[in-house]
Amino acid sequence: MQVGGRRSSGAATNTRFAQEWAHVLADASYLSWGRADAEERLRPLVDPLVELLTAHQLDRGAARELGARFAEARFRGTNALQVTLRLIRTRSDELFAVAEPDRVAELLGEFTAGYADGLRESTQREQETLLAAVLQTAKDTETAMRASEKLFRAVFTKAAAGIALVGLDGQFLDVNPAMRRLFDPDGLSETETPPRPITDYVHADDAPALIGELRELTTGRKDSLHGEARFVRLDHSVIWAHVTASLVRNEADEPDYVIGIVEDVTERHQLRTRLRHQTYHDQLTRLPNRSLMEEQLRWAFSADSSVESVGLCHLDLDGFRAVNDSLGHQVGDQLLLSVAARLQLLAGEHLVTRTSGDEFSVLVSDPMGVEELCELAEHILAGLTPPFVIGQHRLSMTASLGIASRAVTETWPEELQRAADAARSWAKRAGGGRWAVFDAERDAGETSQFALASSVPAAVDRGEFQLYYQPLVQFGSGELIGVEALVRWRHPEYGLLGPAQFIDLAENNGSIVALGRWVLTEACRQAKRWAEELGPAAPYVSVNVAPRQLAEPGWLDEVSRVLEQTGLDPCRLQLEITERAVLVDETAASDTLRTLRDMGVQLTIDDFGTGYSSLSYLRRLPVHGLKIDGSFIRGLGEAGTQQSKDSKIIEALITMAHALDLVVTAEWVETAGQASWLASLGCDVAQGNWYGPPVTPTQLNLRPPLAG
Ligand code: C2E
Ligand code: MG
Ligand code: MG
């Protein structure tokens, strides 16, 4: 019932749209039939249109075909197209709940292109039909004399298309009224058209080709021709016309004269030119777009061009999104316009294109080495420095530029683009406001790291990961009270890899979730084994949690499931959370942490002091402890110099943490001096090479090691 009801209301909406469509077309007065008739012609187009509008992805081919079908429905003239485009643009949201303007614009672009193609095809078909009819009556004229002569005259004079009879010498023999109107819309020539050569009417640029074609016809080498050419009217204006012509032979089967059908297609031509411009130009900045840049690149690399090397400079504005987000899209658009204008000025004769969003590129043919490109990049950066004034805003923008330059024999267009993109991302990562030149060696290193990270999930399945455990020792007693689980990858090709080589990348591509699941399970399983072996003296296990895991829905359930499956007492599990993970969404993080705490899991903030280390959030977070980042301990020097800045920070951190009832762990304790100084400050737990490096479970000495 429900579904049926909805469907019928959908059909009703579609009918309503067809009515509105017929209405606007009637208003634009392009109907030679009644409104109901028009509606009937339009109705079959509405269902596919709605389907296109509401589908997940735009079917470009179908959108084009729909445009062609609209052309064939014979609602002629660019106005008919315009009112149609406007109707779809303005009504699709309300009627069909399609609110994505980009999507609708894309559809309309394809629809228009299809419309132009459709017009061309239907013109050609109509001309051929008419020509066949004219030829038939012309033939009859020869044989059946007067009756047919009358018929021929009727077709000739009544036809809406221009018809001309042209002698073998290229002189007009006769033209019909439509043809006369075409060339002389204002009735400038009173007299009958004198026998003038057709070349008098053909545009000089198109005359040689047309005469050539005509000669093929008159000499009998070809029987028909069709094509488009420019013609000059009596008032000297120029029109584009589509011509279909055929040779008529006499009774002796010798070429006699030529009949041509001529139709004005100027509007369609303008439409095509506009479409072509739209295809290759960015709507906002009017700069050439990515398609044009790519076409130029392909051409430069093709055999036809004499270009030997190509330089590409990809540019990306730093922090453009913040402008959009904080000041709105209108300011963002204005800024892009100003940037585009400056860039064009700065790039001199080189081709500037807007490739997407806030990305631009400059293409340099045959640069004088990479130096020229670096100078250009420097010049562009300097030129972008003065603030942009948009309304009452003064916006200071910087950009990241990536440079790649190669000989055309050495690479191919896509690869050159990728190289410039890679270099740009290096400039961006280095802080922006700078340029970077592509370096194949660095690129190879990064590409293999990416490949490495993407193989993480499969490696988890193959059991290539292994946990090492590092002692966590109580300062006062010197007892080993816990261990931190640190992951290692026994890579079949590269050997033993430390987390620095894959954790960040795995975090970026999301595979940390699968890896983290394995780490947690394995660590809990191991801790349970120790608990069974050693009873209350068994160490707790401390497991690192990546920000991505914390934000992952379902992660909490996973933790409790693992605890349940392994049978580990939750108080023997400690989770290490970085400040970064908490800062993204403090409320959500707090909720998650509170649930874990209620489950009995211990929580500590890892690498404390490297993030924002805000006191206020530390007070609010439901954690048990913090781990002072190793870099502060390293700053203490060999003997734990008590005068350094780092030592004062450590002192303050310990005091503060204790005031909040937090357990303080110090990482990277490497010397006896550091250990004793930290102990004297009342630091609770130590971790570091002085107490033992991370090792496999069998290498781990679970008896109390030396006290610091
Ligand atoms: P972290 O959690 O701060 O771990 C401590 C790191 O300091 C470990 O490096 C450890 O080997 C190193 N270290 C320990 N004692 C000393 C010392 O005395 N001197 C010096 N210089 N370094 C010491 P590791 O194992 O390379 O791990 C690096 C980081 O990778 C870890 O930092 C942690 O953030 C991350 N990580 C390791 N395992 C995992 C994991 O299973 N999951 C997640 N998400 N991250 C992990
Ligand atoms: Mg850690
Ligand atoms: Mg740490």
# chains A, B, ... in the order shown; residues from 1 in each chain; ligands from 1

call {"tool": "closest_atom_pairs", "arguments": {"of": "chain A", "to": "ligand 1", "cutoff": "6 Å", "atoms": "only C-alpha atoms and all ligand atoms", "output": "Markdown table"}}
result
| residue | atom | partner | partner_atom_place_in_ligand_line | distance |
| --- | --- | --- | --- | --- |
| A:Leu486 | CA | ligand 1 | 38 (N) | 3.7 |
| A:Val487 | CA | ligand 1 | 38 (N) | 4.2 |
| A:Gly498 | CA | ligand 1 | 26 (O) | 5.3 |
| A:Pro499 | CA | ligand 1 | 30 (O) | 4.7 |
| A:Ala500 | CA | ligand 1 | 30 (O) | 5.9 |
| A:Gly516 | CA | ligand 1 | 42 (N) | 5.8 |
| A:Val519 | CA | ligand 1 | 41 (O) | 5.5 |
| A:Asn544 | CA | ligand 1 | 43 (C) | 4.5 |
| A:Val545 | CA | ligand 1 | 44 (N) | 4.5 |
| A:Ala546 | CA | ligand 1 | 44 (N) | 4.0 |
| A:Asp607 | CA | ligand 1 | 3 (O) | 5.7 |
| A:Trp668 | CA | ligand 1 | 18 (O) | 3.5 |
| A:Val669 | CA | ligand 1 | 18 (O) | 4.9 |
| A:Glu670 | CA | ligand 1 | 18 (O) | 4.5 |
| A:Gly688 | CA | ligand 1 | 15 (N) | 3.4 |
| A:Asn689 | CA | ligand 1 | 18 (O) | 3.8 |
| A:Pro693 | CA | ligand 1 | 15 (N) | 5.8 |
| A:Pro694 | CA | ligand 1 | 11 (O) | 5.8 |

call {"tool": "closest_atom_pairs", "arguments": {"of": "chain A", "to": "ligand 3", "cutoff": "12 Å", "atoms": "only C-alpha atoms and all ligand atoms", "output": "Markdown table"}}
result
| residue | atom | partner | partner_atom_place_in_ligand_line | distance |
| --- | --- | --- | --- | --- |
| A:Gln470 | CA | ligand 3 | 1 (Mg) | 11.8 |
| A:Glu484 | CA | ligand 3 | 1 (Mg) | 9.8 |
| A:Ala485 | CA | ligand 3 | 1 (Mg) | 11.5 |
| A:Leu486 | CA | ligand 3 | 1 (Mg) | 10.5 |
| A:Ser542 | CA | ligand 3 | 1 (Mg) | 11.1 |
| A:Val543 | CA | ligand 3 | 1 (Mg) | 11.0 |
| A:Asn544 | CA | ligand 3 | 1 (Mg) | 8.8 |
| A:Val545 | CA | ligand 3 | 1 (Mg) | 11.2 |
| A:Ala546 | CA | ligand 3 | 1 (Mg) | 12.0 |
| A:Leu575 | CA | ligand 3 | 1 (Mg) | 11.8 |
| A:Glu576 | CA | ligand 3 | 1 (Mg) | 8.3 |
| A:Ile577 | CA | ligand 3 | 1 (Mg) | 9.4 |
| A:Thr578 | CA | ligand 3 | 1 (Mg) | 8.3 |
| A:Glu579 | CA | ligand 3 | 1 (Mg) | 10.7 |
| A:Thr604 | CA | ligand 3 | 1 (Mg) | 10.3 |
| A:Ile605 | CA | ligand 3 | 1 (Mg) | 8.6 |
| A:Asp606 | CA | ligand 3 | 1 (Mg) | 4.9 |
| A:Asp607 | CA | ligand 3 | 1 (Mg) | 4.1 |
| A:Phe608 | CA | ligand 3 | 1 (Mg) | 7.6 |
| A:Gly609 | CA | ligand 3 | 1 (Mg) | 10.2 |
| A:Thr610 | CA | ligand 3 | 1 (Mg) | 9.8 |
| A:Gly611 | CA | ligand 3 | 1 (Mg) | 11.9 |
| A:Leu626 | CA | ligand 3 | 1 (Mg) | 9.6 |
| A:Lys627 | CA | ligand 3 | 1 (Mg) | 6.5 |
| A:Ile628 | CA | ligand 3 | 1 (Mg) | 7.4 |
| A:Asp629 | CA | ligand 3 | 1 (Mg) | 5.5 |
| A:Gly630 | CA | ligand 3 | 1 (Mg) | 6.6 |
| A:Ser631 | CA | ligand 3 | 1 (Mg) | 9.3 |
| A:Phe632 | CA | ligand 3 | 1 (Mg) | 11.1 |
| A:Ile633 | CA | ligand 3 | 1 (Mg) | 11.4 |
| A:Thr665 | CA | ligand 3 | 1 (Mg) | 9.6 |
| A:Ala666 | CA | ligand 3 | 1 (Mg) | 8.9 |
| A:Glu667 | CA | ligand 3 | 1 (Mg) | 6.5 |
| A:Trp668 | CA | ligand 3 | 1 (Mg) | 8.5 |
| A:Val669 | CA | ligand 3 | 1 (Mg) | 11.8 |
| A:Ala686 | CA | ligand 3 | 1 (Mg) | 11.7 |
| A:Gln687 | CA | ligand 3 | 1 (Mg) | 9.7 |
| A:Gly688 | CA | ligand 3 | 1 (Mg) | 10.5 |

call {"tool": "select_by_dssp", "arguments": {"residues": "segment 84-222 of chain A", "states": "helix (DSSP H, G or I)", "output": "VMD selection string"}}
result
chain A and resid 84 to 96 101 to 144 146 to 158 177 to 183 198 to 200 207 to 218

call {"tool": "select_by_dssp", "arguments": {"residues": "segment 308-405 of chain A", "states": "strand (DSSP E or B)", "output": "count of residues only"}}
result
35

call {"tool": "residues_around", "arguments": {"residues": "segment 488-497 of chain A", "least_positions_apart": "3", "cutoff": "10 Å", "atoms": "only C-alpha atoms", "output": "number ranges by chain"}}
result
A: 452, 456, 459-460, 463-468, 485, 500-502

call {"tool": "write_last_selection", "arguments": {"atoms": "N, CA and C atoms", "output": "PDB file, in the first residue's frame"}}
result
ATOM      1  N   LEU A 452      53.384  -0.283   1.404  1.00  0.00           N
ATOM      2  CA  LEU A 452      53.578  -1.010   2.654  1.00  0.00           C
ATOM      3  C   LEU A 452      52.323  -0.890   3.522  1.00  0.00           C
ATOM      4  N   VAL A 456      48.940  -3.730   5.109  1.00  0.00           N
ATOM      5  CA  VAL A 456      48.825  -4.051   6.536  1.00  0.00           C
ATOM      6  C   VAL A 456      47.733  -5.093   6.832  1.00  0.00           C
ATOM      7  N   ALA A 459      48.726  -8.483   5.947  1.00  0.00           N
ATOM      8  CA  ALA A 459      49.824  -8.944   6.796  1.00  0.00           C
ATOM      9  C   ALA A 459      49.310  -9.378   8.172  1.00  0.00           C
ATOM     10  N   VAL A 460      48.238  -8.705   8.644  1.00  0.00           N
ATOM     11  CA  VAL A 460      47.629  -9.112   9.919  1.00  0.00           C
ATOM     12  C   VAL A 460      47.114 -10.541   9.772  1.00  0.00           C
ATOM     13  N   GLY A 463      49.677 -13.153   9.862  1.00  0.00           N
ATOM     14  CA  GLY A 463      50.383 -13.289  11.142  1.00  0.00           C
ATOM     15  C   GLY A 463      51.801 -12.741  11.102  1.00  0.00           C
ATOM     16  N   GLU A 464      52.010 -11.651  10.358  1.00  0.00           N
ATOM     17  CA  GLU A 464      53.366 -11.110  10.267  1.00  0.00           C
ATOM     18  C   GLU A 464      53.715 -10.141  11.397  1.00  0.00           C
ATOM     19  N   PHE A 465      52.715  -9.786  12.220  1.00  0.00           N
ATOM     20  CA  PHE A 465      52.992  -8.844  13.304  1.00  0.00           C
ATOM     21  C   PHE A 465      53.324  -9.590  14.592  1.00  0.00           C
ATOM     22  N   GLN A 466      54.061  -8.882  15.438  1.00  0.00           N
ATOM     23  CA  GLN A 466      54.500  -9.495  16.681  1.00  0.00           C
ATOM     24  C   GLN A 466      54.558  -8.411  17.745  1.00  0.00           C
ATOM     25  N   LEU A 467      54.242  -8.774  18.986  1.00  0.00           N
ATOM     26  CA  LEU A 467      54.314  -7.773  20.047  1.00  0.00           C
ATOM     27  C   LEU A 467      55.585  -7.943  20.863  1.00  0.00           C
ATOM     28  N   TYR A 468      56.241  -6.798  21.114  1.00  0.00           N
ATOM     29  CA  TYR A 468      57.364  -6.759  22.037  1.00  0.00           C
ATOM     30  C   TYR A 468      56.841  -6.094  23.304  1.00  0.00           C
ATOM     31  N   ALA A 485      52.967  -2.918  25.472  1.00  0.00           N
ATOM     32  CA  ALA A 485      53.007  -3.736  24.262  1.00  0.00           C
ATOM     33  C   ALA A 485      53.358  -2.830  23.083  1.00  0.00           C
ATOM     34  N   ALA A 500      57.472   3.139  13.675  1.00  0.00           N
ATOM     35  CA  ALA A 500      57.678   4.413  12.983  1.00  0.00           C
ATOM     36  C   ALA A 500      57.524   4.244  11.479  1.00  0.00           C
ATOM     37  N   GLN A 501      57.765   3.014  11.005  1.00  0.00           N
ATOM     38  CA  GLN A 501      57.718   2.808   9.563  1.00  0.00           C
ATOM     39  C   GLN A 501      56.336   2.515   9.017  1.00  0.00           C
ATOM     40  N   PHE A 502      55.367   2.274   9.899  1.00  0.00           N
ATOM     41  CA  PHE A 502      54.050   1.965   9.318  1.00  0.00           C
ATOM     42  C   PHE A 502      52.850   2.492  10.108  1.00  0.00           C
TER      43      PHE A 502
END

call {"tool": "residues_around", "arguments": {"residues": "segment 414-418 of chain A", "least_positions_apart": "2", "cutoff": "8 Å", "atoms": "only C-alpha atoms", "output": "PyMOL selection string"}}
result
chain A and resi 312+404-406+411-412+420-422

call {"tool": "closest_residue", "arguments": {"among": "A:Ala444, A:Ala97, A:Cys313, A:Val352", "to": "Glu378 of chain A", "atoms": "only C-alpha atoms"}}
result
A:Cys313

call {"tool": "closest_residue", "arguments": {"among": "A:Leu603, A:Leu351, A:Val155, A:Leu168", "to": "ligand 2", "atoms": "only C-alpha atoms and all ligand atoms"}}
result
A:Leu603

call {"tool": "residues_around", "arguments": {"residues": "Leu210 of chain A", "least_positions_apart": "5", "cutoff": "9 Å", "atoms": "only C-alpha atoms", "output": "list of chain:residue names"}}
result
A:Thr199, A:Val202, A:Arg215, A:Gly227, A:Ala229

call {"tool": "residues_around", "arguments": {"residues": "Pro471 of chain A", "least_positions_apart": "3", "cutoff": "7 Å", "atoms": "only C-alpha atoms", "output": "PyMOL selection string"}}
result
chain A and resi 480+482-484+687+691-692

call {"tool": "write_last_selection", "arguments": {"atoms": "all heavy atoms", "output": "mmCIF file, in the first residue's frame"}}
result
data_model
loop_
_atom_site.group_PDB
_atom_site.id
_atom_site.type_symbol
_atom_site.label_atom_id
_atom_site.label_comp_id
_atom_site.auth_asym_id
_atom_site.auth_seq_id
_atom_site.Cartn_x
_atom_site.Cartn_y
_atom_site.Cartn_z
ATOM 1 N N LEU A 480 58.728 -4.711 38.800
ATOM 2 C CA LEU A 480 58.108 -4.635 37.472
ATOM 3 C C LEU A 480 56.606 -4.797 37.669
ATOM 4 O O LEU A 480 56.141 -5.857 38.102
ATOM 5 C CB LEU A 480 58.658 -5.741 36.579
ATOM 6 C CG LEU A 480 58.176 -5.750 35.135
ATOM 7 C CD1 LEU A 480 59.279 -6.218 34.226
ATOM 8 C CD2 LEU A 480 56.944 -6.615 34.963
ATOM 9 N N GLY A 482 54.220 -3.547 35.274
ATOM 10 C CA GLY A 482 53.477 -3.661 34.024
ATOM 11 C C GLY A 482 54.416 -3.736 32.839
ATOM 12 O O GLY A 482 55.648 -3.673 33.000
ATOM 13 N N VAL A 483 53.856 -3.895 31.639
ATOM 14 C CA VAL A 483 54.658 -3.865 30.411
ATOM 15 C C VAL A 483 53.873 -3.099 29.352
ATOM 16 O O VAL A 483 52.639 -3.133 29.345
ATOM 17 C CB VAL A 483 54.962 -5.285 29.870
ATOM 18 C CG1 VAL A 483 55.948 -6.008 30.771
ATOM 19 C CG2 VAL A 483 53.685 -6.084 29.687
ATOM 20 N N GLU A 484 54.601 -2.389 28.484
ATOM 21 C CA GLU A 484 53.916 -1.757 27.356
ATOM 22 C C GLU A 484 54.067 -2.656 26.152
ATOM 23 O O GLU A 484 55.170 -3.107 25.833
ATOM 24 C CB GLU A 484 54.485 -0.358 27.047
ATOM 25 C CG GLU A 484 53.766 0.269 25.841
ATOM 26 C CD GLU A 484 54.154 1.711 25.537
ATOM 27 O OE1 GLU A 484 55.052 2.256 26.209
ATOM 28 O OE2 GLU A 484 53.546 2.285 24.604
ATOM 29 N N GLN A 687 59.956 3.894 32.637
ATOM 30 C CA GLN A 687 60.055 3.026 31.460
ATOM 31 C C GLN A 687 61.242 3.523 30.663
ATOM 32 O O GLN A 687 61.438 4.734 30.532
ATOM 33 C CB GLN A 687 58.767 3.136 30.621
ATOM 34 C CG GLN A 687 58.821 2.368 29.306
ATOM 35 C CD GLN A 687 57.535 2.544 28.483
ATOM 36 O OE1 GLN A 687 56.651 3.328 28.867
ATOM 37 N NE2 GLN A 687 57.432 1.836 27.386
ATOM 38 N N TYR A 691 65.869 0.337 32.316
ATOM 39 C CA TYR A 691 65.141 -0.772 32.935
ATOM 40 C C TYR A 691 64.973 -1.949 31.988
ATOM 41 O O TYR A 691 64.615 -3.036 32.404
ATOM 42 C CB TYR A 691 63.765 -0.301 33.416
ATOM 43 C CG TYR A 691 63.894 0.764 34.482
ATOM 44 C CD1 TYR A 691 63.874 2.117 34.144
ATOM 45 C CD2 TYR A 691 64.079 0.406 35.812
ATOM 46 C CE1 TYR A 691 64.028 3.080 35.106
ATOM 47 C CE2 TYR A 691 64.245 1.375 36.788
ATOM 48 C CZ TYR A 691 64.219 2.719 36.436
ATOM 49 O OH TYR A 691 64.388 3.667 37.393
ATOM 50 N N GLY A 692 65.188 -1.689 30.729
ATOM 51 C CA GLY A 692 65.078 -2.761 29.756
ATOM 52 C C GLY A 692 64.338 -2.317 28.509
ATOM 53 O O GLY A 692 63.325 -1.620 28.605
#

call {"tool": "closest_residue", "arguments": {"among": "A:Ala527, A:Ala659, A:Ala440, A:Leu472", "to": "ligand 2", "atoms": "only C-alpha atoms and all ligand atoms"}}
result
A:Leu472

call {"tool": "atom_distance", "arguments": {"atom1": "atom CA of Ile380 of chain A", "atom2": "atom CA of Glu294 of chain A"}}
result
21.7 Å

call {"tool": "residues_around", "arguments": {"residues": "Arg64 of chain A", "least_positions_apart": "3", "cutoff": "8 Å", "atoms": "only C-alpha atoms", "output": "PDB file with all heavy atoms, in the first residue's frame"}}
result
ATOM      1  N   ARG A  60      26.187   9.989 -17.870  1.00  0.00           N
ATOM      2  CA  ARG A  60      26.392  11.065 -18.834  1.00  0.00           C
ATOM      3  C   ARG A  60      25.785  10.741 -20.194  1.00  0.00           C
ATOM      4  O   ARG A  60      25.167  11.568 -20.842  1.00  0.00           O
ATOM      5  CB  ARG A  60      27.888  11.351 -19.004  1.00  0.00           C
ATOM      6  CG  ARG A  60      28.486  11.955 -17.765  1.00  0.00           C
ATOM      7  CD  ARG A  60      29.992  12.068 -17.875  1.00  0.00           C
ATOM      8  NE  ARG A  60      30.468  12.859 -16.769  1.00  0.00           N
ATOM      9  CZ  ARG A  60      30.465  14.188 -16.745  1.00  0.00           C
ATOM     10  NH1 ARG A  60      30.042  14.868 -17.799  1.00  0.00           N
ATOM     11  NH2 ARG A  60      30.888  14.848 -15.703  1.00  0.00           N
ATOM     12  N   GLY A  61      25.977   9.491 -20.620  1.00  0.00           N
ATOM     13  CA  GLY A  61      25.466   9.067 -21.922  1.00  0.00           C
ATOM     14  C   GLY A  61      23.955   9.228 -21.983  1.00  0.00           C
ATOM     15  O   GLY A  61      23.401   9.743 -22.963  1.00  0.00           O
ATOM     16  N   GLY A  67      18.872  14.819 -24.113  1.00  0.00           N
ATOM     17  CA  GLY A  67      18.959  16.106 -24.807  1.00  0.00           C
ATOM     18  C   GLY A  67      18.635  15.936 -26.290  1.00  0.00           C
ATOM     19  O   GLY A  67      17.925  16.737 -26.896  1.00  0.00           O
ATOM     20  N   ALA A  68      19.169  14.847 -26.872  1.00  0.00           N
ATOM     21  CA  ALA A  68      18.929  14.590 -28.292  1.00  0.00           C
ATOM     22  C   ALA A  68      17.447  14.309 -28.540  1.00  0.00           C
ATOM     23  O   ALA A  68      16.868  14.769 -29.528  1.00  0.00           O
ATOM     24  CB  ALA A  68      19.780  13.398 -28.748  1.00  0.00           C
ATOM     25  N   GLU A 110      25.408  18.037 -20.115  1.00  0.00           N
ATOM     26  CA  GLU A 110      25.302  16.895 -21.026  1.00  0.00           C
ATOM     27  C   GLU A 110      24.022  16.985 -21.854  1.00  0.00           C
ATOM     28  O   GLU A 110      24.014  16.674 -23.039  1.00  0.00           O
ATOM     29  CB  GLU A 110      25.307  15.582 -20.235  1.00  0.00           C
ATOM     30  CG  GLU A 110      26.592  15.300 -19.497  1.00  0.00           C
ATOM     31  CD  GLU A 110      27.785  15.105 -20.427  1.00  0.00           C
ATOM     32  OE1 GLU A 110      27.568  14.779 -21.603  1.00  0.00           O
ATOM     33  OE2 GLU A 110      28.927  15.309 -19.977  1.00  0.00           O
ATOM     34  N   PHE A 111      22.958  17.401 -21.220  1.00  0.00           N
ATOM     35  CA  PHE A 111      21.666  17.536 -21.896  1.00  0.00           C
ATOM     36  C   PHE A 111      21.812  18.502 -23.071  1.00  0.00           C
ATOM     37  O   PHE A 111      21.362  18.232 -24.191  1.00  0.00           O
ATOM     38  CB  PHE A 111      20.640  18.053 -20.877  1.00  0.00           C
ATOM     39  CG  PHE A 111      19.229  18.167 -21.399  1.00  0.00           C
ATOM     40  CD1 PHE A 111      18.357  17.108 -21.299  1.00  0.00           C
ATOM     41  CD2 PHE A 111      18.787  19.354 -21.977  1.00  0.00           C
ATOM     42  CE1 PHE A 111      17.050  17.215 -21.767  1.00  0.00           C
ATOM     43  CE2 PHE A 111      17.489  19.467 -22.459  1.00  0.00           C
ATOM     44  CZ  PHE A 111      16.614  18.391 -22.348  1.00  0.00           C
ATOM     45  N   THR A 112      22.479  19.638 -22.831  1.00  0.00           N
ATOM     46  CA  THR A 112      22.655  20.640 -23.875  1.00  0.00           C
ATOM     47  C   THR A 112      23.498  20.110 -25.028  1.00  0.00           C
ATOM     48  O   THR A 112      23.182  20.320 -26.203  1.00  0.00           O
ATOM     49  CB  THR A 112      23.314  21.905 -23.286  1.00  0.00           C
ATOM     50  OG1 THR A 112      22.606  22.278 -22.122  1.00  0.00           O
ATOM     51  CG2 THR A 112      23.317  23.034 -24.281  1.00  0.00           C
ATOM     52  N   ALA A 113      24.570  19.401 -24.662  1.00  0.00           N
ATOM     53  CA  ALA A 113      25.426  18.840 -25.708  1.00  0.00           C
ATOM     54  C   ALA A 113      24.627  17.861 -26.566  1.00  0.00           C
ATOM     55  O   ALA A 113      24.722  17.875 -27.800  1.00  0.00           O
ATOM     56  CB  ALA A 113      26.620  18.144 -25.071  1.00  0.00           C
ATOM     57  N   GLY A 114      23.813  17.033 -25.909  1.00  0.00           N
ATOM     58  CA  GLY A 114      22.982  16.074 -26.634  1.00  0.00           C
ATOM     59  C   GLY A 114      21.970  16.777 -27.524  1.00  0.00           C
ATOM     60  O   GLY A 114      21.704  16.355 -28.642  1.00  0.00           O
ATOM     61  N   TYR A 115      21.451  17.893 -27.017  1.00  0.00           N
ATOM     62  CA  TYR A 115      20.477  18.680 -27.772  1.00  0.00           C
ATOM     63  C   TYR A 115      21.104  19.180 -29.075  1.00  0.00           C
ATOM     64  O   TYR A 115      20.519  19.070 -30.151  1.00  0.00           O
ATOM     65  CB  TYR A 115      20.019  19.846 -26.898  1.00  0.00           C
ATOM     66  CG  TYR A 115      19.035  20.784 -27.535  1.00  0.00           C
ATOM     67  CD1 TYR A 115      17.696  20.445 -27.648  1.00  0.00           C
ATOM     68  CD2 TYR A 115      19.450  22.023 -28.023  1.00  0.00           C
ATOM     69  CE1 TYR A 115      16.783  21.311 -28.225  1.00  0.00           C
ATOM     70  CE2 TYR A 115      18.547  22.896 -28.607  1.00  0.00           C
ATOM     71  CZ  TYR A 115      17.215  22.541 -28.714  1.00  0.00           C
ATOM     72  OH  TYR A 115      16.329  23.399 -29.282  1.00  0.00           O
TER      73      TYR A 115
END

call {"tool": "closest_residue", "arguments": {"among": "A:Val473, A:His269, A:Gly260, A:Gln526", "to": "Thr696 of chain A", "atoms": "only C-alpha atoms"}}
result
A:Gln526

call {"tool": "closest_residue", "arguments": {"among": "A:Tyr469, A:Gln549, A:Val104, A:Leu660", "to": "ligand 2", "atoms": "only C-alpha atoms and all ligand atoms"}}
result
A:Tyr469
